[in-house]
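**Student:** For reference, the file coords_16.csv (CSV, C-alpha atoms) is included below:
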chain,number,residue,atom,x,y,z
A,1,PHE,CA,58.8,65.5,46.3
A,2,ARG,CA,57.5,67.4,43.3
A,3,SER,CA,58.2,71.0,42.3
A,4,SER,CA,54.8,72.1,43.6
A,5,SER,CA,55.7,70.9,47.1
A,6,TYR,CA,59.3,72.4,47.1
A,7,ALA,CA,58.5,75.0,49.7
A,8,SER,CA,56.9,72.4,52.1
A,9,ALA,CA,59.9,70.0,51.7
A,10,LYS,CA,62.3,72.8,52.4
A,11,ASN,CA,60.4,73.8,55.5
A,12,ILE,CA,60.3,70.3,56.8
A,13,CYS,CA,64.1,69.8,56.3
A,14,SER,CA,64.7,73.1,58.1
A,15,LEU,CA,62.6,71.9,61.1
A,16,ILE,CA,64.5,68.6,61.2
A,17,ARG,CA,67.8,70.5,61.3
A,18,GLN,CA,66.6,72.7,64.1
A,19,THR,CA,65.4,69.7,66.1
A,20,ASN,CA,68.5,67.6,65.6
A,21,PRO,CA,71.4,68.7,63.4
A,22,ASP,CA,72.9,65.2,63.4
A,23,ILE,CA,69.9,63.6,61.7
A,24,LYS,CA,70.8,62.4,58.1
A,25,ILE,CA,68.3,63.7,55.6
A,26,ALA,CA,67.7,62.1,52.2
A,27,LEU,CA,65.3,63.5,49.5
A,28,GLY,CA,64.0,62.0,46.4
A,29,GLY,CA,61.2,62.3,43.8
A,30,HIS,CA,60.7,64.1,40.6
A,31,HIS,CA,62.2,67.5,41.5
A,32,ALA,CA,65.2,66.1,43.4
A,33,THR,CA,65.9,63.8,40.5
A,34,ALA,CA,65.7,66.6,37.9
A,35,PHE,CA,67.8,69.0,40.0
A,36,PRO,CA,69.9,67.0,42.4
A,37,GLU,CA,72.8,69.5,42.9
A,38,ASP,CA,70.6,72.5,43.3
A,39,THR,CA,68.3,70.7,45.7
A,40,LEU,CA,71.3,69.5,47.8
A,41,LYS,CA,72.7,73.0,48.0
A,42,ASP,CA,69.5,74.9,48.7
A,43,MET,CA,67.8,72.6,51.2
A,44,ASN,CA,70.9,71.7,53.4
A,45,VAL,CA,70.3,68.0,53.2
A,46,ASP,CA,72.8,65.1,53.1
A,47,PHE,CA,71.6,62.9,50.2
A,48,ILE,CA,69.6,63.0,47.0
A,49,VAL,CA,68.2,59.6,45.9
A,50,ARG,CA,67.6,59.9,42.1
A,51,GLN,CA,64.9,58.1,40.1
A,52,GLU,CA,63.5,55.0,41.8
A,53,GLY,CA,64.4,54.9,45.5
A,54,GLU,CA,63.6,51.5,46.9
A,55,TYR,CA,66.9,49.8,46.4
A,56,VAL,CA,69.0,52.9,46.6
A,57,MET,CA,67.6,53.8,50.0
A,58,ALA,CA,68.3,50.3,51.3
A,59,ARG,CA,71.9,50.4,50.1
A,60,LEU,CA,72.3,53.9,51.6
A,61,LEU,CA,71.1,52.7,55.0
A,62,GLU,CA,73.4,49.7,54.8
A,63,ALA,CA,76.3,52.0,54.0
A,64,LEU,CA,75.6,54.4,56.8
A,65,ASN,CA,75.3,51.6,59.3
A,66,GLY,CA,78.4,49.8,58.1
A,67,ASP,CA,80.6,52.8,57.1
A,68,ASP,CA,80.8,51.6,53.5
A,69,ASP,CA,81.8,53.6,50.5
A,70,LEU,CA,79.0,55.9,49.3
A,71,GLY,CA,80.6,56.1,45.9
A,72,LYS,CA,79.5,52.5,45.2
A,73,ILE,CA,75.8,53.4,45.5
A,74,LYS,CA,74.2,53.9,42.1
A,75,GLY,CA,71.6,56.6,41.9
A,76,LEU,CA,73.0,58.7,44.8
A,77,THR,CA,74.0,62.3,45.0
A,78,TYR,CA,75.9,63.5,48.1
A,79,ARG,CA,78.6,65.8,49.4
A,80,LYS,CA,82.2,64.9,49.8
A,81,GLY,CA,83.9,67.8,51.5
A,82,GLU,CA,83.2,70.8,49.3
A,83,MET,CA,82.4,68.7,46.3
A,84,ILE,CA,79.0,67.3,45.2
A,85,ILE,CA,79.2,63.8,43.8
A,86,ASN,CA,76.7,62.4,41.3
A,87,ASN,CA,77.1,58.6,41.2
A,88,GLU,CA,76.1,56.8,38.0
A,89,PRO,CA,72.4,56.1,37.6
A,90,ASP,CA,70.9,53.0,39.0
A,91,GLU,CA,69.0,50.5,36.8
A,92,PHE,CA,65.3,50.8,36.7
A,93,ILE,CA,63.4,48.1,38.6
A,94,GLU,CA,62.0,45.6,36.1
A,95,ASP,CA,60.2,43.2,38.5
A,96,LEU,CA,57.8,45.4,40.4
A,97,ASP,CA,56.2,42.4,42.1
A,98,ALA,CA,59.4,41.8,44.0
A,99,LEU,CA,58.9,45.0,46.0
A,100,SER,CA,57.2,44.9,49.4
A,101,PHE,CA,53.8,46.5,49.9
A,102,PRO,CA,54.0,50.1,51.3
A,103,ALA,CA,54.5,50.5,55.1
A,104,TRP,CA,51.0,51.9,55.7
A,105,HIS,CA,51.4,51.5,59.5
A,106,LEU,CA,54.0,54.3,59.4
A,107,LEU,CA,51.4,56.8,58.1
A,108,PRO,CA,48.3,58.3,59.9
A,109,THR,CA,46.0,56.2,57.7
A,110,GLU,CA,43.0,57.2,59.9
A,111,LYS,CA,43.3,60.7,58.5
A,112,TYR,CA,42.9,59.6,54.8
A,113,VAL,CA,39.5,59.2,53.3
A,114,THR,CA,40.8,56.9,50.5
A,115,GLY,CA,43.5,54.4,49.9
A,116,SER,CA,45.9,54.6,47.0
A,117,ILE,CA,47.9,52.1,45.0
A,118,LEU,CA,50.4,52.3,42.2
A,119,THR,CA,50.2,49.3,39.8
A,120,SER,CA,52.6,50.3,37.1
A,121,ARG,CA,55.4,52.7,36.4
A,122,GLY,CA,55.9,54.7,33.2
A,123,CYS,CA,53.8,56.1,30.4
A,124,PRO,CA,54.4,55.7,26.6
A,125,PHE,CA,53.3,59.2,25.7
A,126,SER,CA,55.2,62.5,25.6
A,127,CYS,CA,53.1,65.3,27.1
A,128,ILE,CA,55.4,68.3,27.3
A,129,TYR,CA,54.3,69.2,30.8
A,130,CYS,CA,55.1,65.7,32.3
A,131,ASP,CA,58.5,64.8,33.7
A,132,LYS,CA,59.8,61.4,32.7
A,133,GLY,CA,62.9,61.4,34.9
A,134,ILE,CA,61.5,58.7,37.2
A,135,SER,CA,58.7,57.0,35.3
A,136,THR,CA,60.2,57.0,31.8
A,137,ARG,CA,58.3,56.1,28.6
A,138,LYS,CA,58.9,52.4,29.2
A,139,VAL,CA,55.9,51.0,31.1
A,140,ARG,CA,56.5,48.3,33.7
A,141,PHE,CA,53.5,46.5,35.1
A,142,ARG,CA,52.7,44.7,38.3
A,143,SER,CA,50.8,41.4,37.9
A,144,PRO,CA,47.0,41.3,38.5
A,145,GLN,CA,47.6,38.8,41.3
A,146,ASN,CA,50.2,41.0,43.1
A,147,ILE,CA,47.8,44.1,42.9
A,148,TYR,CA,44.9,42.0,44.1
A,149,GLN,CA,46.9,40.8,47.1
A,150,GLU,CA,47.8,44.3,48.1
A,151,LEU,CA,44.2,45.4,47.8
A,152,VAL,CA,42.9,42.5,50.0
A,153,VAL,CA,45.5,43.2,52.7
A,154,PHE,CA,44.9,46.9,52.7
A,155,GLU,CA,41.1,46.8,52.7
A,156,GLU,CA,40.9,44.0,55.3
A,157,LYS,CA,43.1,46.1,57.6
A,158,TYR,CA,42.0,49.7,57.0
A,159,LYS,CA,38.5,49.3,55.5
A,160,LYS,CA,38.6,52.6,53.5
A,161,GLY,CA,36.0,51.4,51.0
A,162,ARG,CA,37.6,53.6,48.3
A,163,ILE,CA,40.8,53.3,46.3
A,164,TYR,CA,42.6,55.6,43.9
A,165,PHE,CA,44.8,53.9,41.3
A,166,VAL,CA,47.5,56.6,40.9
A,167,ASP,CA,49.2,55.2,37.8
A,168,ASP,CA,50.0,57.6,35.0
A,169,TYR,CA,47.7,55.5,32.8
A,170,PHE,CA,46.0,52.7,34.7
A,171,LEU,CA,43.8,51.5,31.8
A,172,LEU,CA,46.8,50.9,29.4
A,173,ASN,CA,47.1,47.1,29.4
A,174,LYS,CA,43.7,45.5,28.6
A,175,LYS,CA,44.6,41.9,29.3
A,176,ARG,CA,46.0,42.8,32.7
A,177,LEU,CA,42.9,44.9,33.5
A,178,LEU,CA,40.4,42.3,32.7
A,179,GLU,CA,42.3,39.7,34.8
A,180,LEU,CA,42.3,42.2,37.8
A,181,PHE,CA,38.6,43.0,37.3
A,182,ASP,CA,37.7,39.3,37.4
A,183,LEU,CA,39.7,38.9,40.6
A,184,LEU,CA,38.1,41.8,42.3
A,185,SER,CA,34.6,41.0,41.1
A,186,ASN,CA,34.7,37.4,42.4
A,187,ASP,CA,36.0,38.2,46.0
A,188,ALA,CA,33.5,39.5,48.6
A,189,ARG,CA,36.4,40.6,50.8
A,190,VAL,CA,37.4,43.5,48.6
A,191,LYS,CA,34.2,45.3,47.7
A,192,PHE,CA,35.1,49.0,47.4
A,193,LYS,CA,34.7,51.9,45.0
A,194,TRP,CA,37.7,53.0,42.9
A,195,TYR,CA,38.8,55.6,40.4
A,196,CYS,CA,41.7,56.3,38.1
A,197,GLN,CA,43.2,58.5,35.3
A,198,ALA,CA,42.9,57.5,31.7
A,199,ARG,CA,42.9,58.7,28.1
A,200,VAL,CA,39.7,58.8,26.0
A,201,ASP,CA,41.3,56.8,23.2
A,202,GLY,CA,42.2,54.0,25.6
A,203,VAL,CA,38.8,52.6,26.6
A,204,ASP,CA,36.2,50.4,25.0
A,205,SER,CA,32.9,48.9,26.2
A,206,GLU,CA,34.6,45.7,27.5
A,207,ILE,CA,37.0,47.7,29.7
A,208,LEU,CA,34.3,50.1,31.0
A,209,LYS,CA,31.9,47.2,31.8
A,210,GLY,CA,34.6,45.3,33.6
A,211,ALA,CA,35.7,48.5,35.5
A,212,LYS,CA,32.1,49.2,36.6
A,213,ARG,CA,31.6,45.6,37.7
A,214,SER,CA,34.7,45.7,39.9
A,215,GLY,CA,33.7,48.9,41.6
A,216,CYS,CA,34.8,51.8,39.4
A,217,ASP,CA,32.7,54.9,39.8
A,218,MET,CA,34.9,57.6,38.3
A,219,ILE,CA,37.5,58.0,35.6
A,220,ILE,CA,39.5,61.2,35.3
A,221,TYR,CA,40.1,61.9,31.6
A,222,GLY,CA,42.8,64.3,30.4
A,223,ILE,CA,40.7,66.6,28.2
A,224,GLU,CA,42.9,69.7,28.0
A,225,THR,CA,40.8,71.6,25.4
A,226,GLY,CA,38.2,71.3,22.8
A,227,ASP,CA,40.0,73.5,20.4
A,228,LYS,CA,42.2,71.6,17.9
A,229,ASP,CA,44.6,74.5,17.3
A,230,GLU,CA,45.2,74.8,21.1
A,231,LEU,CA,45.6,71.0,21.5
Please go through the file and, once you have read it, give me the structure as structure tokens.

**Tutor:**
Amino acid sequence: FRSSSYASAKNICSLIRQTNPDIKIALGGHHATAFPEDTLKDMNVDFIVRQEGEYVMARLLEALNGDDDLGKIKGLTYRKGEMIINNEPDEFIEDLDALSFPAWHLLPTEKYVTGSILTSRGCPFSCIYCDKGISTRKVRFRSPQNIYQELVVFEEKYKKGRIYFVDDYFLLNKKRLLELFDLLSNDARVKFKWYCQARVDGVDSEILKGAKRSGCDMIIYGIETGDKDEL
């Protein structure tokens, strides 16, 4: 969870504790990664999964099922008696294509008007209001083919007709973009509208034409102010 949803996360954890005190609760995300000990104390949860959670969560579940040593799980914060233990950080995931597609069937997808997909992690810039505890300044990309496969599977199953690319900076890698745009433009199965976030200094006519051709109808630019002194 993020700091803006702290109250909601705390309320959900409280409801879980009231429903069944024996349920193990693990939290992750930007706020929990930045403040693992404070979060563990204040929310009365069992575990904090720091930074990227896919492999850490898998190891945690294996440990809980097999009664293994929690101290061996990198990226985990937990209680041991009265102590709070911060295990060493886990390595960042380099091969994003190796990760499974999201478990959409576990969500009430019928309540969502748009689908969403994350095609990269990280951003090379240093905006002071942005936390880099999870994404870092090193950008890791999924391949165009991997992204395309997820979009095909998602649209054929849920038919939302609209996708939001939630990357910090979707338009960063031009070569990757143009390959993805070609894949989307040449396949009738994945005709949908899409939108993303970008910087004004990161687009050119070739990118914009390819984006439009593949279904883009909106780009959200980070124009904070028109005043150079304020900027």

**Student:** Could you check the closest approach to A:Asn146 for each of A:Phe101, A:Trp194, A:Tyr6, A:Tyr55 and tell me which residue wins, using only C-alpha atoms?

**Tutor:**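 Among the listed residues, A:Phe101 lies closest to A:Asn146.
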
**Student:** As an exercise, work out the distance from atom CA of A:His31 to atom CA of A:Arg2 in Å and give it to one decimal place.

**Tutor:**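 Straight-line distance from atom CA of A:His31 to atom CA of A:Arg2 works out to 5.0 Å.
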
**Student:** If you measure from atom CA of A:Leu106 to atom CA of A:Ala7, what distance in Å do you get, rounded to one decimal?

**Tutor:** 23.3 Å

**Student:** Take atom CA of A:Cys123 and atom CA of A:Tyr195 and report the distance between them in Å, one decimal.

**Tutor:** 18.0 Å

**Student:** Looking at A:Ser8, A:Phe154, A:Gly122, A:Asp217, which one is nearest to A:Thr109, with distances taken over all atoms listed in the file?

**Tutor:**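 So, comparing all the options, the nearest one is A:Phe154.
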
**Student:** Could you tell me which of A:Lys24, A:Lys160, A:Lys111, A:Arg176 comes closest to A:Ser143 if we count only C-alpha atoms?

**Tutor:** A:Arg176

**Student:** Go through A:Gln145, A:Asn20, A:Asn44, A:Gln51 and flag the residue nearest A:Thr119, using all atoms listed in the file for the distances.

**Tutor:**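 Looking at the shortest contact to A:Thr119, the residue is A:Gln145.
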
**Student:** My list of candidates is A:Ser135, A:Thr114, A:Asn186, A:Asn65. Which is closest to A:Gly161 when distances are computed with only C-alpha atoms?

**Tutor:**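 Closest candidate: A:Thr114.
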
**Student:** Counting all atoms listed in the file, which of A:Cys196, A:Ile147, A:Leu15, A:Met43 gets nearest to A:Ala98?

**Tutor:**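 Among the listed residues, the smallest separation from A:Ala98 belongs to A:Ile147.
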
**Student:** So which residues touch A:Ile16 within 12 Å, counting all atoms listed in the file, skipping near sequence neighbours fewer than 6 positions away, as a list in words?

**Tutor:**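 Non-adjacent residues within range: Ala9, Lys10, Asp22, Ile23, Lys24, Ile25, Ala26, Met43, Asn44 and Val45 of chain A.
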
**Student:** Considering all atoms listed in the file, return as JSON, numbers by chain whatever protein or nucleic-acid residues lie within 8 Å of A:Gly115, sequence-local ones (same chain, fewer than 6 positions apart) excluded.

**Tutor:** {"A": [160, 162, 163, 164]}
